[in-house]
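For reference, coords08.txt is printed below; it contains compact mmCIF, C-alpha atoms and all ligand atoms.
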```
# COMPACT_ATOMS: atom_id res chain seq x y z
CA MET A 27 64.33 -35.23 54.18
CA LYS A 28 60.61 -34.51 53.78
CA ALA A 29 59.37 -31.15 52.50
CA THR A 30 57.65 -28.94 55.05
CA ASN A 31 53.86 -28.74 55.27
CA SER A 32 53.83 -25.15 54.09
CA GLY A 33 55.96 -26.22 51.14
CA ASP A 34 53.47 -28.95 50.25
CA ARG A 35 50.63 -26.47 50.55
CA ARG A 36 52.30 -23.98 48.27
CA GLU A 37 53.09 -26.65 45.71
CA SER A 38 49.52 -27.90 45.61
CA THR A 39 48.19 -24.33 45.38
CA THR A 40 50.62 -23.60 42.56
CA ALA A 41 49.62 -26.79 40.74
CA ALA A 42 45.92 -26.06 41.13
CA ARG A 43 46.38 -22.50 39.88
CA ASN A 44 48.39 -23.76 36.94
CA GLU A 45 45.63 -26.22 35.99
CA ILE A 46 43.10 -23.39 35.92
CA GLU A 47 45.41 -21.20 33.85
CA LEU A 48 46.19 -24.07 31.44
CA ALA A 49 42.47 -24.52 30.85
CA LEU A 50 42.11 -20.80 30.20
CA LEU A 51 45.04 -20.87 27.75
CA ALA A 52 43.46 -23.77 25.85
CA ARG A 53 40.30 -21.70 25.44
CA ILE A 54 42.29 -18.61 24.49
CA ALA A 55 44.02 -20.65 21.78
CA LYS A 56 40.52 -21.11 20.35
CA ARG A 57 39.98 -17.32 20.47
CA ASP A 58 37.71 -17.37 23.50
CA ALA A 59 37.47 -13.73 24.61
CA ALA A 60 35.79 -14.60 27.91
CA ALA A 61 38.77 -16.82 28.83
CA MET A 62 41.14 -14.04 27.81
CA LYS A 63 39.26 -11.68 30.07
CA GLU A 64 39.46 -14.06 33.00
CA LEU A 65 43.20 -14.55 32.58
CA TYR A 66 43.68 -10.84 31.94
CA LEU A 67 41.96 -9.75 35.13
CA LEU A 68 43.89 -12.37 37.10
CA TYR A 69 47.21 -11.02 35.85
CA HIS A 70 46.22 -7.37 35.80
CA ARG A 71 45.52 -7.64 39.50
CA ARG A 72 48.90 -9.28 40.10
CA LEU A 73 50.94 -7.04 37.84
CA ALA A 74 49.44 -3.54 37.89
CA ARG A 75 50.87 -2.49 41.23
CA PHE A 76 54.23 -4.16 40.67
CA LEU A 77 54.68 -2.60 37.23
CA THR A 78 53.40 0.79 38.32
CA ARG A 79 55.95 0.77 41.11
CA LEU A 80 58.60 -0.38 38.65
CA THR A 81 57.92 2.26 36.01
CA SER A 82 56.46 4.98 38.29
CA ARG A 83 53.66 5.33 35.71
CA TYR A 84 50.39 3.47 35.44
CA ASP A 85 50.11 4.14 31.72
CA LEU A 86 53.40 2.32 31.16
CA ALA A 87 52.32 -0.52 33.47
CA GLU A 88 49.11 -0.86 31.49
CA GLU A 89 51.07 -0.82 28.24
CA ILE A 90 53.36 -3.62 29.48
CA ILE A 91 50.39 -5.70 30.67
CA ASN A 92 48.57 -5.21 27.38
CA ASP A 93 51.68 -5.98 25.31
CA THR A 94 52.10 -9.15 27.38
CA CYS A 95 48.48 -10.25 27.10
CA TRP A 96 48.41 -9.45 23.43
CA ILE A 97 51.32 -11.86 22.93
CA VAL A 98 49.53 -14.39 25.15
CA TRP A 99 46.47 -14.07 22.89
CA GLN A 100 48.63 -14.72 19.83
CA ARG A 101 50.78 -17.49 21.24
CA ALA A 102 48.44 -19.43 23.50
CA ILE A 103 48.08 -21.89 20.64
CA ASP A 104 51.84 -22.59 20.73
CA PHE A 105 52.14 -23.07 24.50
CA ARG A 106 53.09 -26.68 25.28
CA GLY A 107 53.32 -26.49 29.08
CA GLU A 108 57.13 -26.58 29.22
CA SER A 109 56.83 -24.36 32.31
CA LEU A 110 54.13 -23.09 34.63
CA VAL A 111 51.74 -20.75 32.82
CA SER A 112 52.66 -18.01 35.29
CA THR A 113 56.38 -18.45 34.57
CA TRP A 114 55.71 -18.18 30.85
CA ILE A 115 53.56 -15.07 31.22
CA LEU A 116 55.92 -13.42 33.71
CA GLY A 117 58.83 -14.11 31.36
CA ILE A 118 57.02 -12.21 28.60
CA THR A 119 56.16 -9.43 31.08
CA TYR A 120 59.77 -9.23 32.21
CA ARG A 121 61.08 -8.81 28.66
CA ARG A 122 58.43 -6.21 27.82
CA ALA A 123 59.18 -4.35 31.07
CA LEU A 124 62.93 -4.31 30.36
CA LYS A 125 62.25 -2.98 26.88
CA THR A 126 59.95 -0.25 28.21
CA LEU A 127 62.33 0.74 31.01
CA ARG A 128 65.25 0.96 28.61
CA SER A 129 63.22 3.05 26.19
CA ILE A 130 62.30 5.62 28.85
CA GLY A 131 65.97 6.17 29.64
CA PRO A 132 68.36 5.66 32.50
CA ALA A 133 66.59 8.00 34.96
CA ALA A 134 64.31 5.23 36.18
CA GLN A 135 67.25 2.94 36.73
CA GLU A 136 69.44 5.51 38.44
CA GLU A 137 71.80 4.14 41.04
CA ILE A 138 72.83 6.12 44.08
CA ASP A 139 75.51 5.40 46.63
CA VAL A 140 74.33 4.49 50.09
CA PRO A 141 76.10 2.93 53.01
CA ASP A 142 75.75 -0.83 52.95
CA ALA A 143 73.79 -1.76 56.07
CA ALA A 144 74.89 -4.57 58.30
CA SER A 145 72.37 -7.39 58.24
CA GLU A 146 71.58 -7.23 61.95
CA GLN A 147 70.04 -3.75 61.70
CA PRO A 148 66.30 -4.31 61.45
CA CYS A 149 63.96 -1.81 59.78
CA GLU A 150 61.03 -0.36 61.72
CA GLN A 151 57.61 -1.02 60.21
CA ALA A 152 56.78 2.68 59.93
CA GLU A 153 59.99 3.39 58.04
CA LEU A 154 59.27 0.42 55.82
CA ASN A 155 55.82 1.64 54.82
CA GLU A 156 56.96 5.18 54.27
CA TRP A 157 60.12 4.60 52.31
CA LEU A 158 59.80 1.23 50.65
CA GLY A 159 58.62 2.57 47.29
CA VAL A 160 61.37 5.19 47.17
CA ALA A 161 64.04 2.70 48.20
CA LEU A 162 62.92 0.06 45.69
CA ALA A 163 63.02 2.66 42.92
CA ARG A 164 66.69 3.23 43.67
CA LEU A 165 67.77 -0.39 43.44
CA PRO A 166 69.54 -1.60 40.31
CA LEU A 167 66.87 -2.93 37.96
CA GLU A 168 67.85 -6.61 38.05
CA GLN A 169 68.03 -6.69 41.85
CA ARG A 170 64.72 -4.92 42.13
CA MET A 171 63.07 -7.33 39.72
CA VAL A 172 64.18 -10.30 41.81
CA LEU A 173 62.86 -8.67 44.98
CA GLU A 174 59.53 -7.83 43.39
CA LEU A 175 59.13 -11.26 41.84
CA ALA A 176 60.03 -13.02 45.09
CA TYR A 177 58.29 -10.81 47.64
CA HIS A 178 55.50 -9.07 45.81
CA LEU A 179 54.52 -11.96 43.56
CA GLY A 180 55.84 -14.83 45.71
CA HIS A 181 57.88 -16.70 43.09
CA SER A 182 60.57 -19.26 43.95
CA CYS A 183 64.22 -18.90 43.09
CA GLU A 184 63.90 -21.45 40.29
CA GLU A 185 60.80 -19.77 38.83
CA ILE A 186 62.54 -16.39 38.83
CA ALA A 187 65.56 -17.93 37.07
CA ALA A 188 63.19 -19.19 34.35
CA ILE A 189 61.39 -15.83 34.13
CA MET A 190 64.62 -13.84 33.90
CA ASP A 191 66.35 -16.52 31.84
CA CYS A 192 69.42 -16.69 34.08
CA PRO A 193 71.08 -19.22 36.43
CA VAL A 194 69.52 -19.88 39.84
CA ASN A 195 72.72 -18.73 41.54
CA THR A 196 72.45 -15.37 39.81
CA VAL A 197 68.95 -14.95 41.25
CA LYS A 198 70.23 -15.79 44.74
CA THR A 199 73.09 -13.33 44.40
CA ARG A 200 70.85 -10.56 43.07
CA MET A 201 68.47 -11.16 45.97
CA PHE A 202 71.31 -11.04 48.48
CA HIS A 203 72.74 -7.77 47.16
CA GLY A 204 69.31 -6.28 46.53
CA ARG A 205 68.19 -6.81 50.12
CA ARG A 206 71.46 -5.53 51.49
CA LYS A 207 71.21 -2.38 49.43
CA LEU A 208 67.50 -1.96 50.20
CA ARG A 209 68.21 -2.12 53.91
CA GLY A 210 70.91 0.52 53.50
CA LEU A 211 68.57 2.75 51.52
CA LEU A 212 65.78 2.41 54.07
CA LEU A 213 68.15 3.36 56.88
CA ALA A 214 69.54 6.30 54.91
CA LEU A 215 66.04 7.54 54.00
CA ALA A 216 64.67 7.15 57.52
CA SER A 217 67.53 8.87 59.35
CA PRO A 218 67.08 12.66 59.75
CA ALA A 219 69.22 14.78 57.41
CA MET B 17 76.61 -7.07 39.49
CA ASP B 18 76.41 -10.82 39.88
CA ARG B 19 79.39 -11.73 42.00
CA HIS B 20 78.91 -14.96 43.89
CA PRO B 21 80.30 -14.38 47.36
CA PRO B 22 81.85 -17.55 48.77
CA ILE B 23 79.60 -18.93 51.48
CA THR B 24 81.96 -19.67 54.32
CA ASN B 25 79.87 -19.99 57.45
CA PRO B 26 76.32 -20.90 58.50
CA HIS B 27 75.35 -17.23 59.04
CA ASP B 28 76.24 -16.32 55.45
CA GLU B 29 74.45 -19.39 54.21
CA ALA B 30 71.39 -18.35 56.23
CA ALA B 31 71.54 -14.82 54.82
CA HIS B 32 71.30 -16.23 51.29
CA SER B 33 68.46 -18.62 52.12
CA ILE B 34 66.28 -16.51 54.42
CA PRO B 35 64.36 -14.69 51.63
CA TRP B 36 63.22 -17.98 50.14
CA LEU B 37 62.11 -19.36 53.49
CA VAL B 38 60.28 -16.08 54.10
CA ASN B 39 58.37 -16.26 50.81
CA GLY B 40 57.53 -19.93 51.38
CA THR B 41 59.47 -21.37 48.45
CA LEU B 42 62.41 -23.00 50.25
CA HIS B 43 61.86 -26.72 50.71
CA GLY B 44 63.51 -29.95 51.79
CA GLU B 45 66.95 -30.19 53.29
CA ALA B 46 67.75 -26.50 52.75
CA ALA B 47 64.63 -25.39 54.65
CA THR B 48 65.26 -27.84 57.47
CA SER B 49 68.87 -26.84 58.04
CA LEU B 50 67.97 -23.13 57.91
CA ARG B 51 65.24 -23.65 60.51
CA GLU B 52 67.71 -25.51 62.71
CA HIS B 53 70.16 -22.63 62.45
CA LEU B 54 67.48 -20.02 63.20
CA ALA B 55 66.54 -21.95 66.33
CA VAL B 56 70.01 -21.47 67.77
CA CYS B 57 71.21 -18.17 66.26
CA SER B 58 69.51 -15.01 67.54
CA ARG B 59 71.29 -12.76 65.04
CA CYS B 60 69.97 -14.65 62.02
CA ARG B 61 66.56 -14.99 63.70
CA GLU B 62 66.40 -11.20 63.99
CA SER B 63 67.35 -10.89 60.36
CA TYR B 64 64.60 -13.41 59.49
CA GLU B 65 61.99 -11.40 61.43
CA SER B 66 63.05 -8.18 59.71
CA GLU B 67 62.91 -9.90 56.34
CA LYS B 68 59.43 -11.19 57.11
CA ARG B 69 58.23 -7.64 57.76
CA LEU B 70 59.63 -6.53 54.42
CA TYR B 71 57.97 -9.47 52.67
CA GLU B 72 54.62 -8.84 54.31
CA THR B 73 54.75 -5.15 53.44
CA MET B 74 55.54 -5.86 49.80
CA ARG B 75 52.97 -8.64 49.67
CA ALA B 76 50.15 -6.52 51.12
CA GLU B 77 47.57 -5.33 48.61
CA GLY B 78 46.98 -1.96 50.28
CA PRO B 79 44.07 0.38 49.56
CA LEU B 80 44.95 1.19 45.95
CA VAL B 81 43.22 -1.08 43.48
CA PHE B 82 43.77 -0.78 39.76
CA ALA B 83 40.67 -1.47 37.70
CA GLY B 84 41.45 -4.05 35.06
CA GLU B 85 38.27 -3.66 33.02
CA PRO B 86 39.12 -0.46 31.13
CA SER B 87 42.59 -1.80 30.29
CA PHE B 88 41.08 -5.06 29.07
CA GLN B 89 38.79 -3.17 26.71
CA LYS B 90 41.81 -1.38 25.31
CA LEU B 91 43.46 -4.74 24.71
CA MET B 92 40.38 -6.06 22.93
CA ALA B 93 40.20 -2.95 20.75
CA ARG B 94 43.88 -3.37 19.95
CA ILE B 95 43.45 -7.03 19.04
CA GLU B 96 40.60 -6.16 16.75
CA ILE B 97 42.53 -3.38 15.04
CA ALA B 98 45.76 -5.37 14.79
CA GLU B 99 44.15 -8.48 13.37
CA ARG B 100 42.29 -6.45 10.79
CA ALA B 101 45.36 -4.44 9.74
CA PRO B 102 48.37 -6.31 11.14
CA SER B 103 51.02 -3.93 9.82
CA MET B 104 49.61 -1.08 11.94
CA ASP B 105 50.86 -2.63 15.14
CA PRO B 106 54.66 -2.52 15.49
CA ALA B 107 54.68 -5.29 18.11
CA TYR B 108 52.86 -7.51 15.65
CA GLU B 109 55.75 -7.36 13.20
CA ALA B 110 58.19 -8.63 15.83
CA LEU B 111 55.77 -11.34 16.80
CA ARG B 112 55.18 -12.35 13.21
CA GLY B 113 58.92 -12.81 12.83
CA ASP B 114 58.91 -15.16 15.84
CA ARG B 115 55.83 -17.01 14.69
CA ALA B 116 57.12 -17.49 11.19
CA ARG B 117 59.94 -19.54 12.71
CA SER B 118 57.73 -21.62 14.97
CA SER B 119 54.44 -22.15 13.12
CA PRO B 120 52.53 -21.10 9.99
CA ARG B 121 50.36 -17.97 9.98
CA ARG B 122 46.89 -18.28 11.32
CA ASN B 123 44.14 -18.76 8.79
CA PRO B 124 42.70 -15.25 8.26
CA SER B 125 39.12 -16.38 7.81
CA ARG B 126 39.25 -18.21 11.12
CA THR B 127 40.54 -15.04 12.76
CA ALA B 128 37.81 -12.93 11.21
CA ILE B 129 35.14 -15.26 12.54
CA ALA B 130 36.75 -15.24 15.96
CA ILE B 131 36.87 -11.47 16.02
CA ARG B 132 33.18 -11.13 15.24
CA TRP B 133 32.52 -13.53 18.07
CA LEU B 134 34.86 -11.56 20.27
CA ALA B 135 33.14 -8.26 19.56
CA ALA B 136 29.82 -9.82 20.53
CA ALA B 137 31.27 -11.24 23.71
CA VAL B 138 32.76 -7.93 24.76
CA LEU B 139 29.51 -6.16 23.95
CA ILE B 140 27.61 -8.49 26.26
CA GLU B 141 30.15 -8.10 29.04
CA SER B 142 30.16 -4.32 28.82
CA ALA B 143 26.46 -4.32 29.72
CA GLY B 144 27.32 -5.76 33.11
CA LEU B 145 30.27 -3.43 33.45
CA GLY B 146 28.13 -0.33 32.98
CA LEU B 147 26.59 0.28 36.37
CA LEU B 148 29.77 -0.78 38.11
CA ALA B 149 31.74 1.86 36.26
CA TRP B 150 29.16 4.51 37.11
CA HIS B 151 29.70 3.93 40.81
CA GLN B 152 33.40 3.19 40.82
CA HIS B 153 34.45 6.26 38.96
CA SER B 154 32.50 8.83 40.92
CA PRO B 155 34.86 11.59 42.08
CA SER B 156 34.84 10.70 45.79
CA LEU B 157 36.00 7.16 45.06
CA ALA B 158 38.32 7.93 42.19
CA SER B 159 41.93 6.90 42.75
CA PRO B 160 44.45 9.74 42.76
CA ALA B 161 46.06 8.36 39.62
CA ARG B 162 47.00 10.86 36.93
CA TYR B 163 46.49 8.62 33.95
CA GLU B 164 43.51 8.46 31.68
CA THR B 165 41.73 5.18 31.14
CA LEU B 166 38.61 4.29 29.22
CA ALA B 167 36.65 5.01 32.37
CA SER B 168 38.39 8.22 33.44
CA PRO B 169 36.15 11.22 33.99
CA ALA B 170 35.68 13.18 30.74
CA ARG B 171 35.78 16.93 30.34
CA THR B 172 32.58 18.68 31.42
CA TYR B 173 30.33 19.48 28.46
CA GLY B 174 27.02 20.89 29.63
CA THR B 175 25.64 17.65 31.03
CA ASN B 176 27.09 14.93 33.19
CA ALA B 177 26.32 11.89 31.11
CA ARG B 178 29.16 10.48 29.06
CA ALA B 179 29.86 7.30 27.21
CA ARG B 180 33.02 5.77 25.80
CA VAL B 181 32.42 4.07 22.53
CA VAL B 182 34.35 2.15 19.90
CA PHE B 183 32.73 2.18 16.47
CA ARG B 184 33.16 -0.37 13.77
CA SER B 185 36.11 0.89 11.75
CA ASN B 186 34.46 0.70 8.32
CA LEU B 187 31.62 2.98 9.43
CA SER B 188 30.76 5.75 6.96
CA LEU B 189 30.33 9.31 8.15
CA HIS B 190 26.70 9.10 7.15
CA ASP B 191 26.12 6.01 9.32
CA LEU B 192 28.06 7.58 12.18
CA ALA B 193 25.82 10.65 12.05
CA ASN B 194 22.75 8.39 12.06
CA VAL B 195 23.98 6.53 15.13
CA LEU B 196 24.67 9.78 16.96
CA HIS B 197 21.34 11.36 16.03
CA GLY B 198 19.52 8.19 17.06
CA VAL B 199 20.59 8.66 20.69
CA ASP B 200 20.96 12.48 20.69
CA ALA B 201 24.68 12.16 21.27
CA HIS B 202 27.67 14.14 20.06
CA ILE B 203 31.37 13.38 19.99
CA ILE B 204 33.24 15.25 22.71
CA ASP B 205 36.63 13.62 22.44
CA GLY B 206 38.54 10.98 20.52
CA PRO B 207 39.53 8.91 18.86
CA THR B 208 42.19 7.78 21.38
CA ASP B 209 45.00 5.42 20.36
CA ALA B 210 42.59 2.57 20.97
CA ASN B 211 39.98 4.26 18.72
CA VAL B 212 37.78 5.18 21.66
CA TYR B 213 35.40 8.14 21.35
CA THR B 214 33.81 10.01 24.24
CA LEU B 215 30.17 10.88 23.62
CA GLY B 216 28.09 13.50 25.40
CA PHE B 217 24.29 13.54 25.50
CA ASP B 218 21.58 16.18 25.53
CA ASP B 219 20.19 17.58 28.79
CA GLN B 220 17.49 14.89 29.03
CA VAL B 221 20.10 12.48 30.33
CA SER B 222 20.63 13.38 33.97
CA SER B 223 20.53 10.10 35.89
CA PRO B 224 22.29 6.74 35.65
CA ASP B 225 18.99 5.15 34.52
CA GLN B 226 18.58 7.61 31.67
CA LEU B 227 22.18 7.15 30.63
CA GLU B 228 21.76 3.39 30.76
CA ALA B 229 18.81 3.66 28.36
CA ARG B 230 20.97 5.60 25.87
CA LEU B 231 23.80 3.11 26.27
CA ALA B 232 21.40 0.25 25.61
CA ALA B 233 20.29 2.02 22.44
CA LEU B 234 23.93 2.40 21.40
CA ARG B 235 24.64 -1.26 22.13
CA ALA B 236 21.77 -2.26 19.92
CA GLN B 237 23.56 -0.65 16.95
CA SER B 238 25.61 -3.02 14.83
CA ALA B 239 27.98 -0.12 14.15
CA VAL B 240 29.03 -0.01 17.81
CA LEU B 241 31.64 -2.45 19.12
CA PHE B 242 32.03 -1.30 22.74
CA VAL B 243 30.05 0.99 25.00
CA GLU B 244 30.61 1.95 28.58
CA PRO B 245 29.42 4.82 30.73
CA ALA B 246 31.97 7.43 31.75
CA SER B 247 30.90 9.71 34.58
CA THR B 248 32.12 13.29 34.90
CA HIS B 249 32.98 15.41 37.91
CA GLY B 250 29.35 16.23 38.64
CA ALA B 251 28.08 12.67 38.40
CA PRO B 252 26.47 11.00 41.44
ZN ZN C 301 73.36 -17.14 62.23
```
In structure tokens, what does this structure look like?
Amino acid sequence: MKATNSGDRRESTTAARNEIELALLARIAKRDAAAMKELYLLYHRRLARFLTRLTSRYDLAEEIINDTCWIVWQRAIDFRGESLVSTWILGITYRRALKTLRSIGPAAQEEIDVPDAASEQPCEQAELNEWLGVALARLPLEQRMVLELAYHLGHSCEEIAAIMDCPVNTVKTRMFHGRRKLRGLLLALASPA
Amino acid sequence: MDRHPPITNPHDEAAHSIPWLVNGTLHGEAATSLREHLAVCSRCRESYESEKRLYETMRAEGPLVFAGEPSFQKLMARIEIAERAPSMDPAYEALRGDRARSSPRRNPSRTAIAIRWLAAAVLIESAGLGLLAWHQHSPSLASPARYETLASPARTYGTNARARVVFRSNLSLHDLANVLHGVDAHIIDGPTDANVYTLGFDDQVSSPDQLEARLAALRAQSAVLFVEPASTHGAP
């Protein structure tokens, strides 16, 4: 069966973006600061909000981004295009983020018990806007990462598996449980005490 | 937990696939059969619509924009410091361990040349950044963030004009004093972790144009690696 048009579009956009980023990496390998800046601003824009939400602190988000880009600066010369540039960079970001989150202690990864919501209960937009950040913060880290990578950054299941270095089925399962729990949290947060 | 629930009916299968259709990454047979199911199952269609709202909310950029420029300057300062004195950066040690396994160490002279080039490049770029920072970091537009960046407002010190500066690290105290006297500046704060100093100026500097002139004078100094304006609470 043929892929959908939107699928084709996404694939060509992804390929075009990857070409641009590959060219930037080649220049970065030659210590081109202007190329580093271009790539940096591209990823800072993508990652700052996601990491700030993840860590609840911009200073930590900035630290993770700068740790990541510092490694990119050092290793650009070794990158052989085994994956998309974005998958490679996000993989580094993911490992730095895990390290940072573990170093700041379990508080940020705290789990709370909420009723598991049935899938047919939709969330109202207002509740979503108001409580999304709080609810996401209460998801188990791995589930939250999958949700952020898929919905905030728009990565595919296979890309997320490469970023998190785990099987595709694990990503699907984390997504399934993460959404279920998120829905429960949103309902719990939105219902009057 | 990573239990894999057995997928026993089309509704469960849809529940596992919907997120990937929603974010536009589900293709081929899987996408087609999910679409076919959604066309006939109102329950899963409702779930799809709800999921789409969640996706769109998370995807939306919103009003809060994080400025990448100040963070990038920190990175550049860090690269310069780390490549000059590698052992000072703990992350470098870990990386060196990895690199030692994969490829030989970079030729130091090549790095030194690159860093001089880099410093020049950043210097040129910061000239363009200047006026932008003056406007973006005025109090009325400032984001409510509680962190301090290179471009955060500095403490008030008599006059509104401020600059953030990184000096060449081998600068003598004598040369530093000469640089400061040359532009009638004094150190108000610093160095930060990224070796950034905040400079204040005398009362003659009271407009962006006057500050820009002092910044240009600073940039002309070989002892200065980075310069950017940093407005204070009273700045326009
Ligand atoms: Zn169904």
Residues at most 8 Å from Leu91 in chain B, counting all atoms listed in the file, excluding those fewer than 5 positions away in the same chain, as a ChimeraX atom specification? /A:92,95-96
Exercise answer, 9 Å around ligand ZN 301 (chain C) with all atoms listed in the file, as a PyMOL selection string: chain B and resi 25-31+53-54+56-61+63
Enumerate as an mmCIF file with C-alpha atoms, in the frame of the given file the residues belonging to chain B that approach chain A to within 6 Å, with all atoms listed in the file taken into account.
```cif
data_model
loop_
_atom_site.group_PDB
_atom_site.id
_atom_site.type_symbol
_atom_site.label_atom_id
_atom_site.label_comp_id
_atom_site.auth_asym_id
_atom_site.auth_seq_id
_atom_site.Cartn_x
_atom_site.Cartn_y
_atom_site.Cartn_z
ATOM 1 C CA HIS B 32 71.300 -16.230 51.290
ATOM 2 C CA ASN B 39 58.370 -16.260 50.810
ATOM 3 C CA THR B 41 59.470 -21.370 48.450
ATOM 4 C CA HIS B 43 61.860 -26.720 50.710
ATOM 5 C CA GLY B 44 63.510 -29.950 51.790
ATOM 6 C CA GLU B 45 66.950 -30.190 53.290
ATOM 7 C CA SER B 63 67.350 -10.890 60.360
ATOM 8 C CA SER B 66 63.050 -8.180 59.710
ATOM 9 C CA TYR B 71 57.970 -9.470 52.670
ATOM 10 C CA MET B 74 55.540 -5.860 49.800
ATOM 11 C CA ARG B 75 52.970 -8.640 49.670
ATOM 12 C CA GLY B 84 41.450 -4.050 35.060
ATOM 13 C CA LEU B 91 43.460 -4.740 24.710
ATOM 14 C CA ALA B 130 36.750 -15.240 15.960
ATOM 15 C CA LEU B 134 34.860 -11.560 20.270
#
```
Close residues, Asp218 in chain B itself excluded, 12 Å, all atoms listed in the file, min 3 positions apart in chain, as an MDAnalysis selection string: chainID B and resid 173:178 196:203 215 221:222 226:227 230
Straight-line distance linking CA of Gly40 in chain B with CA of Lys68 in chain B, stated in Å to one decimal: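 We find that CA of Gly40 in chain B and CA of Lys68 in chain B lie 10.6 Å from each other.
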